[in-house]
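Q: To start, I am sharing the structure in question, which I have written as structure tokens.
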Amino acid sequence: LKIYLKMINTSTSDSKTSLNRKTPPTIIIIFGASGDLTARKLAPAIFNLSKDNLLPKKCFLIGYGRSAMSDDSFKNEIKEALKAHSRRKIEASTWNNLEKNLIFHAGAYDDLNSFVTLENKITKIEKQIDCKVQCLFYVSTPPGVFMPILENLGESGLAKRHRGTETASKVIIEKPFGRDLQSAHELNQVINRRFDESQVFRIDHYLGKETVQSLLVQRFANSIFEPVWNRNYVSSVQITVSEDIGVGNRGGYYDKSGALRDMIQNHVMQLLALTAMEPPSSLDPESIRDEKVKALKALKPLALEGESPEVVRASYAAGLVGGSPTKAYIDEEGIPQDSSTETYAAMRLYLDNWRWKGVPFYLRSGKRLAMKASEIVVQFTRPPAILFGQDSRLKVSPNLLVIRIQPNEGVTLYLNSKTPGLETKLQPIKLAFGYETTFGSDTPEAYERLILDALNGDGTLFIRGDEAEMSWGLLSPVLDYWSSQGRQGLESYASGTWGPLAADKLLLGSGHEWITGRNYD
């Protein structure tokens with residue numbers, strides 16, 4: 001309900017005023033300011049927050065990059081990024097207010113002196129406006145330099161500025177948060193040495209999407225769902241995050257990552273935790289994150305060998321996507337011919353707790369699939385085959401609750417209905433709600449919500465350190481096993497399909513089948 005009220009509040013001028021009062025004067029410092037994420041997402045998010053009067057009146061943006069650049073050049077880069085990627089057009093008054101407070105700072109990420117000069121620049125701004133400011137550091141760089149940035153923020157004193165007050169420094173850390181359990185643990189150790197956990201915001205932009213935010217509302221603000229959200233009435237849960245694109249020019253990066261690290265460890269596991277968690281005792285951030293951690297703790301280790309392995313990996317072959325021919329993964333630029341990196345991963349998981357005992361959670365994610373889609377599908381148990389199970393004409397389809405995150409965010413409930421006519425025939429029908437249809441298309445981007453929450457110190461939609469390690473604890477053994485196997489067991493699937501046949505075997509004999517993209521639209 002708190003999240004739902006936030007969604008409503010951001011559309012009213014009164015709430016904008018109250019949100020402004022919560023946020024002290026702020027300097028946002030983006031590490032990796034000349035990168036793609038800043039141009040496509042961060043700069044537009046900051047601009048739109050400014051346009052909606054949700055930033056403090058005294059707000060500065062410092063871009064930190066390794067290459068020298070004048071303030072004017074930085075301003076021009078930001079303006080061009082807004083023209084290309086902002087959901088709303090630039091208008092003079094908002095841009096003028098933002099532009100005058102754009103600053104560029106050049107320095108290496110592993111050079112302490114560059115951070116000391118940054119601290120001097122921040123102190124100078126404080127003297128100019130005659131008040132203390134909070135610093136929001138956004139680490140939007142390749143993960144290889146996360147640690148030196150965090151260490152230097154601590155060593156320079158920037159992490160400790162005004163600690164214990166409303167202007168205490170905060171840091172947002174982009175994904176991926178580690179490559180495995182060990183690296184995630186080491187990164188958390190650096191963070192815990194330099195920051196309090198209350199200062200840290202590990203970001204997963206999926207948690208900022210409207211449908212994901214609304215998931216808690218769907219579950220806990222509607223009495224028709226919570227009583228049946230358990231093993232007695234739910235037959236299975238499926239989570240699909242699919243992409244129709246290939247690796248493009250990111251081949252060198254992706255081949256060191258793969259589908260499990262790139263999508264499942266973060267996006268998909270977060271969706272699972274929100275779907276499976278118990279009702280929190282309150283709506284404060286820690287209560288919600290406590291329940292997410294409990295859900296992840298309940299996950300049983302995955303069977304990797306034997307007659308019924310619970311994980312499948314595959315790499316895309318050549319095929320057709322949208323009617324156009326596409327390359328195989330190993331023919332993409334930067335991919336070695338002996339690559340064993342998976343572009344697709346699927347798994348069958350079980351939670352060993354009272355609510356979900358025996359209910360399979362099917363997860364999958366991949367590139368070069370038939371369409372771009374992110375969905376949670378809750379399949380309910382079928383009714384007893386007494387009235388409508390004796391006749392083939394009266395086939396009872398499963399009731400489904402489909403929560404679509406992208407594209408066309410919305411919620412659809414599939415029911416059985418009689419078709420018109422003199423004969424009794426059944427047909428699945430859908431009751432559909434679309435965000436764009438109901439609320440219009442000008443909804444805030446995920447990064448707008450997440451940056452605003454970080455500015456206000458609200459960690460509800462961010463990942464806690466133990467949560468990240470819990471997810472890696474489940475998946476690191478999978479990565480270790482795959483590494484030991486090389487290409488052995490790596491399946492193949494044609495581009496433009498829904499993945500390898502081996503993924504269907506995860507559901508074999510269960511009475512389930514993959515839903516997204518197959519039987520229901």
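By convention in this document, the chains of the structure tokens carry letters A, B, ... by their order, each chain's residues are numbered from 1, and ligands are numbered from 1 in the order they are shown.
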Please identify all polymer residues within 12 Å of A:Lys292, counting only C-alpha atoms, omitting same-chain residues fewer than 4 positions from it, and present them as a PyMOL selection string.
A: chain A and resi 216+269-280+285-288+296-299+460-464+466-468+470-471
Q: Need the shell around A:Glu333: protein/DNA/RNA residues with any atom at most 8 Å away, counting only C-alpha atoms. Skip same-chain ones fewer than 2 positions apart. Format as an MDAnalysis selection string?
A: chainID A and resid 248:249 251:252 331 335
Q: Quick one: pull the distance between atom CA of A:Tyr64 and atom CA of A:Phe31, Å, one decimal.
A: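 Atom CA of A:Tyr64 sits 4.8 Å away from atom CA of A:Phe31.
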Q: Among stretch 84-113 of chain A, which residues does DSSP mark as alpha helix (DSSP H) when it is run on the backbone? Keep the chain and numbering as in the structure and answer as a PyMOL selection string.
A: chain A and resi 84-85+92-99+112-113
Q: Excluding A:Asp504 and residues on its chain fewer than 6 positions from it, collect all residues at most 12 Å away from it, counting only C-alpha atoms, and give them as a list in words.
A: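 Answer for this query is Glu310, Val311, Val312, Ala346, Met347, Arg348, Tyr362, Leu363, Arg364, Trp498, Ser510, Gly511, His512, Glu513, Trp514 and Ile515 of chain A.
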Q: Write the residues of the selection above to a file with N, CA and C atoms, as a short mmCIF file (atom, residue, chain, number, x, y, z; two decimals), in the first residue's frame.
A:
```cif
data_model
loop_
_atom_site.label_atom_id
_atom_site.label_comp_id
_atom_site.auth_asym_id
_atom_site.auth_seq_id
_atom_site.Cartn_x
_atom_site.Cartn_y
_atom_site.Cartn_z
N GLU A 310 18.07 -30.13 -12.81
CA GLU A 310 17.10 -29.04 -12.67
C GLU A 310 17.56 -27.75 -13.34
N VAL A 311 18.66 -27.80 -14.08
CA VAL A 311 19.18 -26.62 -14.77
C VAL A 311 19.55 -26.99 -16.19
N VAL A 312 19.21 -26.10 -17.13
CA VAL A 312 19.53 -26.27 -18.54
C VAL A 312 20.24 -25.01 -19.02
N ALA A 346 17.66 -22.06 -17.98
CA ALA A 346 16.35 -22.35 -17.40
C ALA A 346 16.54 -23.28 -16.21
N MET A 347 15.66 -23.21 -15.24
CA MET A 347 15.79 -24.05 -14.06
C MET A 347 14.45 -24.29 -13.39
N ARG A 348 14.41 -25.38 -12.63
CA ARG A 348 13.24 -25.72 -11.82
C ARG A 348 13.65 -25.66 -10.35
N TYR A 362 9.51 -22.28 -12.13
CA TYR A 362 10.27 -22.44 -13.37
C TYR A 362 10.79 -21.07 -13.80
N LEU A 363 12.11 -20.96 -13.95
CA LEU A 363 12.73 -19.70 -14.34
C LEU A 363 13.45 -19.89 -15.67
N ARG A 364 13.42 -18.88 -16.52
CA ARG A 364 14.18 -18.94 -17.76
C ARG A 364 14.49 -17.52 -18.25
N TRP A 498 11.84 -20.43 -28.73
CA TRP A 498 11.74 -20.20 -27.30
C TRP A 498 12.77 -20.99 -26.49
N SER A 510 4.84 -33.06 -15.32
CA SER A 510 4.26 -32.24 -14.24
C SER A 510 2.86 -31.74 -14.58
N GLY A 511 2.47 -31.87 -15.86
CA GLY A 511 1.20 -31.28 -16.30
C GLY A 511 1.33 -29.81 -16.62
N HIS A 512 2.56 -29.29 -16.58
CA HIS A 512 2.80 -27.88 -16.89
C HIS A 512 3.47 -27.75 -18.26
N GLU A 513 3.38 -26.58 -18.83
CA GLU A 513 4.13 -26.23 -20.02
C GLU A 513 4.48 -24.75 -19.95
N TRP A 514 5.54 -24.36 -20.67
CA TRP A 514 5.89 -22.95 -20.69
C TRP A 514 4.74 -22.14 -21.26
N ILE A 515 4.38 -21.07 -20.58
CA ILE A 515 3.20 -20.29 -20.97
C ILE A 515 3.56 -19.13 -21.88
#
```
